[in-house]
Amino acid sequence: MTVPGLPMAVPSRDLPTRVRIHEVGARDGLQNEKATVPAEVKAEFIRRLADAGLTTIEATSFVHPKWVPQLADAEALFPMVADLPVALPVLVPNERGLDRALALGARRVAVFASATESFAKTNLNRTVDEALAMFEPVVSRAKSEDVHVRGYLSMCFGDPWEGAVPIAQVVKVCRALLDMGCDELSLGDTIGVATPGHVVALLAALDEAGVPVSALGVHFHDTYGQALANTLAALQQGVTTVDASAGGLGGCPYAKSATGNLATEDLVWMLRGLGIDTGIDLGRLVATSTWMAAHLGRPSPSRTVRALSHEDTEEH
């Protein structure tokens, strides 16, 4: 239930005063849905997210429809939202995807790499080095067009086939993406196995390798209930960009053990309690996720959405 003045804001000196939330619900959140979500519904979802105060909303992915059928409508969707006064990054797997994105006026793109050989093979059908070689001309061309480039890095904290992922291995790929020209990196806990100490250790190693914390974002899944704890650990190390998905939508189609992303509402609730500004209207965001949950035919997994929209029922 909604109670005025809650959560009470109690700022901490070791935390940033503002965090930018990189909203991934419309792309990462919906890409796994079995039933096709109409482009008009996706566009309305993005518009409602913008109206709630999100300033970075990942719109879609220009991948081949064979690989992610849910996002086959990228050409139809992007023009429906291109007028919004927010950043609308899109994923591009290769130069063909970049061509499609640029033709529609996209000014922010993202490439998606892997820290492990197993996931690179499964997701991209390439080795890690082959994938990086594929991204190099994509990033180079995007930068020549003055387009912002984000580099996603999956399996930073664990891999379902390889188990533990050496921190040095993650740092090596991060460094390669940054040297390639990426403006920003997103560290992905694709199967949700990270814990706070691991987060701190990786960020420390990246700092030692000359990767500025200002260029880093974090992308946690809540498989083991650690996403908020890991986010707090990252904030304490200076990270100010956090990926999240409205309503906790999403997983990973190529990692079957991956459950939903960190819910944007749960993140905003925690940040509000820490006195950290996000610019987001939580009430409007909850209403948006409730609206989308109705379209998908199931309740939102977000605890905050359930609490504030009265979706939970008391058990006696």
# chains A, B, ... in the order shown; residues from 1 in each chain; ligands from 1
$ select_by_dssp --residues "range 78-222 of chain A" --states "helix (DSSP H, G or I)" --output "ChimeraX atom specification"
/A:78-81,95-103,117-124,128-144,167-180,196-208,213-215
$ closest_atom_pairs --of "range 215-300 of chain A" --to "range 186-208 of chain A" --cutoff "6 Å" --atoms "only C-alpha atoms" --output "Markdown table"
| residue | atom | partner | partner_atom | distance |
| --- | --- | --- | --- | --- |
| A:Leu216 | CA | A:Ser186 | CA | 5.9 |
| A:Gly217 | CA | A:Ser186 | CA | 4.5 |
| A:Val218 | CA | A:Leu187 | CA | 4.8 |
| A:His219 | CA | A:Gly188 | CA | 4.7 |
| A:Phe220 | CA | A:Asp189 | CA | 5.0 |
| A:His221 | CA | A:Gly192 | CA | 4.5 |
| A:Asp222 | CA | A:Gly192 | CA | 5.5 |
| A:Thr223 | CA | A:Gly192 | CA | 4.8 |
| A:Asn230 | CA | A:Pro196 | CA | 4.7 |
| A:Ala233 | CA | A:Pro196 | CA | 5.5 |
| A:Ala258 | CA | A:Ile191 | CA | 4.3 |
$ write_last_selection --atoms "N, CA and C atoms" --output "PDB file, in the first residue's frame"
ATOM      1  N   LEU A 216      31.059   2.836 -16.885  1.00  0.00           N
ATOM      2  CA  LEU A 216      30.485   1.534 -16.565  1.00  0.00           C
ATOM      3  C   LEU A 216      29.032   1.623 -16.110  1.00  0.00           C
ATOM      4  N   GLY A 217      28.265   0.661 -16.560  1.00  0.00           N
ATOM      5  CA  GLY A 217      26.929   0.432 -16.038  1.00  0.00           C
ATOM      6  C   GLY A 217      26.872  -1.006 -15.563  1.00  0.00           C
ATOM      7  N   VAL A 218      25.882  -1.334 -14.747  1.00  0.00           N
ATOM      8  CA  VAL A 218      25.739  -2.710 -14.266  1.00  0.00           C
ATOM      9  C   VAL A 218      24.356  -3.237 -14.631  1.00  0.00           C
ATOM     10  N   HIS A 219      24.315  -4.534 -14.923  1.00  0.00           N
ATOM     11  CA  HIS A 219      23.087  -5.178 -15.397  1.00  0.00           C
ATOM     12  C   HIS A 219      22.922  -6.490 -14.631  1.00  0.00           C
ATOM     13  N   PHE A 220      22.118  -6.446 -13.572  1.00  0.00           N
ATOM     14  CA  PHE A 220      21.974  -7.615 -12.705  1.00  0.00           C
ATOM     15  C   PHE A 220      20.640  -8.317 -12.910  1.00  0.00           C
ATOM     16  N   HIS A 221      20.688  -9.648 -12.862  1.00  0.00           N
ATOM     17  CA  HIS A 221      19.476 -10.456 -12.837  1.00  0.00           C
ATOM     18  C   HIS A 221      19.246 -10.922 -11.402  1.00  0.00           C
ATOM     19  N   ASP A 222      18.010 -11.195 -11.074  1.00  0.00           N
ATOM     20  CA  ASP A 222      17.647 -11.476  -9.688  1.00  0.00           C
ATOM     21  C   ASP A 222      17.410 -12.955  -9.409  1.00  0.00           C
ATOM     22  N   THR A 223      18.096 -13.811 -10.149  1.00  0.00           N
ATOM     23  CA  THR A 223      17.908 -15.257 -10.044  1.00  0.00           C
ATOM     24  C   THR A 223      18.011 -15.759  -8.610  1.00  0.00           C
ATOM     25  N   ASN A 230      23.746  -6.362  -5.054  1.00  0.00           N
ATOM     26  CA  ASN A 230      24.848  -6.146  -5.980  1.00  0.00           C
ATOM     27  C   ASN A 230      24.856  -4.723  -6.519  1.00  0.00           C
ATOM     28  N   ALA A 233      26.325  -2.444  -3.908  1.00  0.00           N
ATOM     29  CA  ALA A 233      27.787  -2.590  -3.887  1.00  0.00           C
ATOM     30  C   ALA A 233      28.422  -1.805  -5.028  1.00  0.00           C
ATOM     31  N   ALA A 258      18.622 -18.172 -16.639  1.00  0.00           N
ATOM     32  CA  ALA A 258      18.478 -16.752 -16.304  1.00  0.00           C
ATOM     33  C   ALA A 258      17.016 -16.395 -16.085  1.00  0.00           C
TER      34      ALA A 258
END
$ atom_distance --atom1 "CA of Thr278 in chain A" --atom2 "CA of Ile21 in chain A"
7.2 Å
$ residues_around --residues "Val149 in chain A" --least-positions-apart "5" --cutoff "12 Å" --atoms "only C-alpha atoms" --output "compact mmCIF listing (two decimals) with N, CA, C and O atoms, in the first residue's frame"
# COMPACT_ATOMS: atom_id res chain seq x y z
N LEU A 88 17.12 6.67 -27.06
CA LEU A 88 16.49 5.42 -27.48
C LEU A 88 17.54 4.49 -28.10
O LEU A 88 17.58 4.28 -29.32
N PRO A 89 18.41 3.90 -27.27
CA PRO A 89 19.42 3.00 -27.82
C PRO A 89 18.79 1.75 -28.42
O PRO A 89 17.72 1.30 -28.00
N VAL A 90 19.47 1.19 -29.43
CA VAL A 90 19.04 -0.06 -30.07
C VAL A 90 20.24 -0.98 -30.20
O VAL A 90 21.38 -0.53 -30.32
N LEU A 91 20.00 -2.28 -30.16
CA LEU A 91 21.07 -3.24 -30.32
C LEU A 91 21.33 -3.50 -31.80
O LEU A 91 20.39 -3.60 -32.60
N VAL A 92 22.59 -3.61 -32.15
CA VAL A 92 22.99 -3.96 -33.52
C VAL A 92 24.05 -5.05 -33.45
O VAL A 92 25.09 -4.87 -32.83
N LEU A 98 23.55 -2.27 -38.08
CA LEU A 98 23.87 -0.86 -37.95
C LEU A 98 23.27 -0.07 -39.11
O LEU A 98 22.72 1.02 -38.90
N ALA A 106 18.63 6.30 -35.76
CA ALA A 106 19.10 5.95 -34.41
C ALA A 106 20.41 6.66 -34.12
O ALA A 106 21.31 6.69 -34.96
N ARG A 107 20.53 7.21 -32.92
CA ARG A 107 21.74 7.93 -32.52
C ARG A 107 22.49 7.24 -31.38
O ARG A 107 23.51 7.72 -30.92
N ARG A 108 21.93 6.14 -30.91
CA ARG A 108 22.59 5.35 -29.88
C ARG A 108 22.44 3.87 -30.23
O ARG A 108 21.32 3.41 -30.45
N VAL A 109 23.55 3.16 -30.28
CA VAL A 109 23.51 1.74 -30.60
C VAL A 109 24.30 0.97 -29.55
O VAL A 109 25.08 1.55 -28.78
N ALA A 110 24.09 -0.33 -29.54
CA ALA A 110 24.82 -1.18 -28.61
C ALA A 110 25.22 -2.47 -29.30
O ALA A 110 24.46 -3.02 -30.11
N VAL A 111 26.43 -2.95 -29.00
CA VAL A 111 26.88 -4.27 -29.44
C VAL A 111 26.89 -5.17 -28.22
O VAL A 111 26.96 -4.70 -27.09
N PHE A 112 26.79 -6.48 -28.44
CA PHE A 112 26.69 -7.37 -27.28
C PHE A 112 27.72 -8.49 -27.38
O PHE A 112 27.64 -9.38 -28.22
N PHE A 135 32.64 -6.79 -34.24
CA PHE A 135 32.14 -5.52 -33.72
C PHE A 135 33.01 -4.33 -34.11
O PHE A 135 32.51 -3.20 -34.16
N GLU A 136 34.28 -4.58 -34.38
CA GLU A 136 35.20 -3.47 -34.62
C GLU A 136 34.72 -2.53 -35.73
O GLU A 136 34.65 -1.30 -35.52
N VAL A 138 31.73 -2.16 -36.82
CA VAL A 138 30.44 -1.62 -36.40
C VAL A 138 30.67 -0.39 -35.52
O VAL A 138 30.10 0.68 -35.74
N VAL A 139 31.54 -0.56 -34.52
CA VAL A 139 31.83 0.54 -33.60
C VAL A 139 32.52 1.68 -34.34
O VAL A 139 32.17 2.86 -34.15
N SER A 140 33.46 1.34 -35.20
CA SER A 140 34.19 2.36 -35.94
C SER A 140 33.26 3.20 -36.81
O SER A 140 33.34 4.44 -36.82
N ARG A 141 32.37 2.55 -37.53
CA ARG A 141 31.42 3.27 -38.39
C ARG A 141 30.46 4.11 -37.57
O ARG A 141 30.13 5.25 -37.92
N ALA A 142 29.98 3.54 -36.47
CA ALA A 142 29.05 4.29 -35.62
C ALA A 142 29.72 5.56 -35.09
O ALA A 142 29.12 6.65 -35.11
N LYS A 143 30.96 5.45 -34.63
CA LYS A 143 31.66 6.62 -34.11
C LYS A 143 31.93 7.65 -35.20
O LYS A 143 31.91 8.85 -34.94
N SER A 144 32.17 7.17 -36.43
CA SER A 144 32.39 8.11 -37.53
C SER A 144 31.13 8.91 -37.85
O SER A 144 31.19 9.99 -38.42
N LEU A 177 36.77 -3.74 -25.67
CA LEU A 177 35.60 -2.98 -26.11
C LEU A 177 35.83 -1.48 -25.97
O LEU A 177 35.45 -0.69 -26.84
N LEU A 178 36.46 -1.09 -24.86
CA LEU A 178 36.73 0.33 -24.64
C LEU A 178 37.75 0.84 -25.65
O LEU A 178 37.57 1.91 -26.24
N MET A 180 38.24 -0.26 -28.53
CA MET A 180 37.58 -0.29 -29.84
C MET A 180 36.84 1.01 -30.11
O MET A 180 36.58 1.38 -31.25
N GLY A 181 36.46 1.70 -29.01
CA GLY A 181 35.75 2.96 -29.17
C GLY A 181 34.41 3.04 -28.48
O GLY A 181 33.71 4.06 -28.60
N CYS A 182 34.03 1.99 -27.74
CA CYS A 182 32.75 2.05 -27.01
C CYS A 182 32.78 3.19 -26.00
O CYS A 182 33.76 3.39 -25.30
N ASP A 183 31.68 3.91 -25.93
CA ASP A 183 31.57 5.02 -24.98
C ASP A 183 31.23 4.54 -23.58
O ASP A 183 31.53 5.21 -22.59
N GLU A 184 30.57 3.39 -23.52
CA GLU A 184 30.01 2.91 -22.26
C GLU A 184 29.99 1.39 -22.29
O GLU A 184 29.81 0.77 -23.34
N LEU A 185 30.20 0.77 -21.13
CA LEU A 185 30.14 -0.69 -21.01
C LEU A 185 29.09 -1.06 -19.98
O LEU A 185 28.95 -0.41 -18.95
N SER A 186 28.36 -2.14 -20.25
CA SER A 186 27.39 -2.66 -19.30
C SER A 186 27.85 -4.04 -18.86
O SER A 186 27.96 -4.96 -19.69
N ALA A 215 32.45 5.13 -17.12
CA ALA A 215 32.08 4.47 -18.38
C ALA A 215 31.35 3.16 -18.14
O ALA A 215 31.02 2.46 -19.10
$ select_by_dssp --residues "range 157-260 of chain A" --states "strand (DSSP E)" --output "PyMOL selection string"
chain A and resi 184-189+216-220+241-244
$ atom_distance --atom1 "CA of Gly238 in chain A" --atom2 "CA of Gly260 in chain A"
24.8 Å
$ residues_around --residues "range 69-83 of chain A" --least-positions-apart "3" --cutoff "12 Å" --atoms "only C-alpha atoms" --output "compact mmCIF listing (two decimals) with C-alpha atoms, in the first residue's frame"
# COMPACT_ATOMS: atom_id res chain seq x y z
CA ALA A 26 10.92 -2.80 -24.02
CA ARG A 27 13.80 -4.77 -25.53
CA ASP A 28 15.40 -7.20 -23.08
CA GLY A 29 12.18 -7.45 -21.13
CA LEU A 30 9.96 -8.41 -24.04
CA GLN A 31 12.34 -10.33 -26.31
CA ASN A 32 11.64 -13.63 -24.55
CA GLU A 33 7.85 -13.41 -24.74
CA LYS A 34 6.39 -16.33 -26.68
CA ALA A 35 3.27 -14.48 -27.81
CA THR A 36 3.97 -11.63 -30.20
CA VAL A 37 3.50 -8.22 -28.62
CA PRO A 38 2.19 -5.80 -31.29
CA ALA A 39 4.45 -2.91 -32.25
CA GLU A 40 1.72 -0.48 -31.21
CA VAL A 41 1.71 -1.92 -27.68
CA LYS A 42 5.51 -1.75 -27.48
CA ALA A 43 5.42 1.86 -28.65
CA GLU A 44 2.81 2.75 -26.03
CA PHE A 45 4.92 0.99 -23.40
CA ILE A 46 7.95 3.11 -24.36
CA ARG A 47 5.87 6.30 -24.35
CA ARG A 48 4.50 5.53 -20.90
CA LEU A 49 8.02 4.81 -19.62
CA ALA A 50 9.18 8.18 -20.95
CA ILE A 57 14.86 3.56 -22.89
CA GLU A 58 16.26 0.73 -24.98
CA ALA A 59 13.78 0.50 -27.83
CA THR A 60 14.52 -2.63 -29.85
CA SER A 61 17.18 -4.74 -31.54
CA PHE A 62 18.10 -4.88 -35.22
CA VAL A 63 18.94 -8.57 -35.21
CA HIS A 64 17.79 -11.05 -37.84
CA PRO A 65 14.13 -11.99 -37.13
CA LYS A 66 15.12 -15.66 -37.14
CA VAL A 86 14.69 10.65 -24.56
CA ALA A 87 17.65 8.49 -25.53
CA LEU A 88 16.49 5.42 -27.48
CA PRO A 89 19.42 3.00 -27.82
CA VAL A 90 19.04 -0.06 -30.07
CA LEU A 91 21.07 -3.24 -30.32
CA VAL A 92 22.99 -3.96 -33.52
CA GLY A 97 22.04 -4.18 -38.21
CA ASP A 99 22.77 0.07 -41.49
CA ARG A 100 19.15 -0.61 -40.56
CA ALA A 101 19.41 1.43 -37.35
CA LEU A 102 21.14 4.40 -38.96
CA ALA A 103 18.62 4.45 -41.81
CA LEU A 104 15.90 5.14 -39.22
CA GLY A 105 17.88 7.86 -37.48
CA ALA A 106 19.10 5.95 -34.41
CA ARG A 107 21.74 7.93 -32.52
CA ARG A 108 22.59 5.35 -29.88
CA PRO A 253 16.87 -16.57 -24.54
$ residues_around --residues "Ala120 in chain A" --least-positions-apart "5" --cutoff "10 Å" --atoms "only C-alpha atoms" --output "number ranges by chain"
A: 112-115, 125-131, 154-155
$ write_last_selection --atoms "C-alpha atoms" --output "short mmCIF file (atom, residue, chain, number, x, y, z; two decimals), in the first residue's frame"
data_model
loop_
_atom_site.label_atom_id
_atom_site.label_comp_id
_atom_site.auth_asym_id
_atom_site.auth_seq_id
_atom_site.Cartn_x
_atom_site.Cartn_y
_atom_site.Cartn_z
CA PHE A 112 26.69 -7.37 -27.28
CA ALA A 113 29.82 -9.36 -26.48
CA SER A 114 30.56 -12.24 -24.13
CA ALA A 115 33.21 -12.72 -21.47
CA ASN A 125 28.25 -18.57 -33.07
CA ARG A 126 31.76 -17.15 -32.77
CA THR A 127 34.71 -17.19 -30.42
CA VAL A 128 35.19 -14.18 -28.15
CA ASP A 129 37.94 -12.83 -30.41
CA GLU A 130 35.90 -13.44 -33.57
CA ALA A 131 32.98 -11.56 -32.04
CA SER A 154 27.48 -10.98 -20.84
CA MET A 155 28.55 -13.63 -18.30
#
$ closest_residue --among "A:Gly53, A:Pro93, A:Gly158, A:Pro301" --to "Trp67 in chain A" --atoms "only C-alpha atoms"
A:Pro93
$ atom_distance --atom1 "CA of Ala176 in chain A" --atom2 "CA of Lys121 in chain A"
18.3 Å
$ residues_around --residues "Leu285 in chain A" --least-positions-apart "2" --cutoff "9 Å" --atoms "only C-alpha atoms" --output "ChimeraX atom specification"
/A:48-49,51-54,246-247,264-265,280-283,287-290,305
$ closest_residue --among "A:Asn94, A:Gln169, A:Ser245, A:Ser302" --to "Glu117 in chain A" --atoms "only C-alpha atoms"
A:Gln169
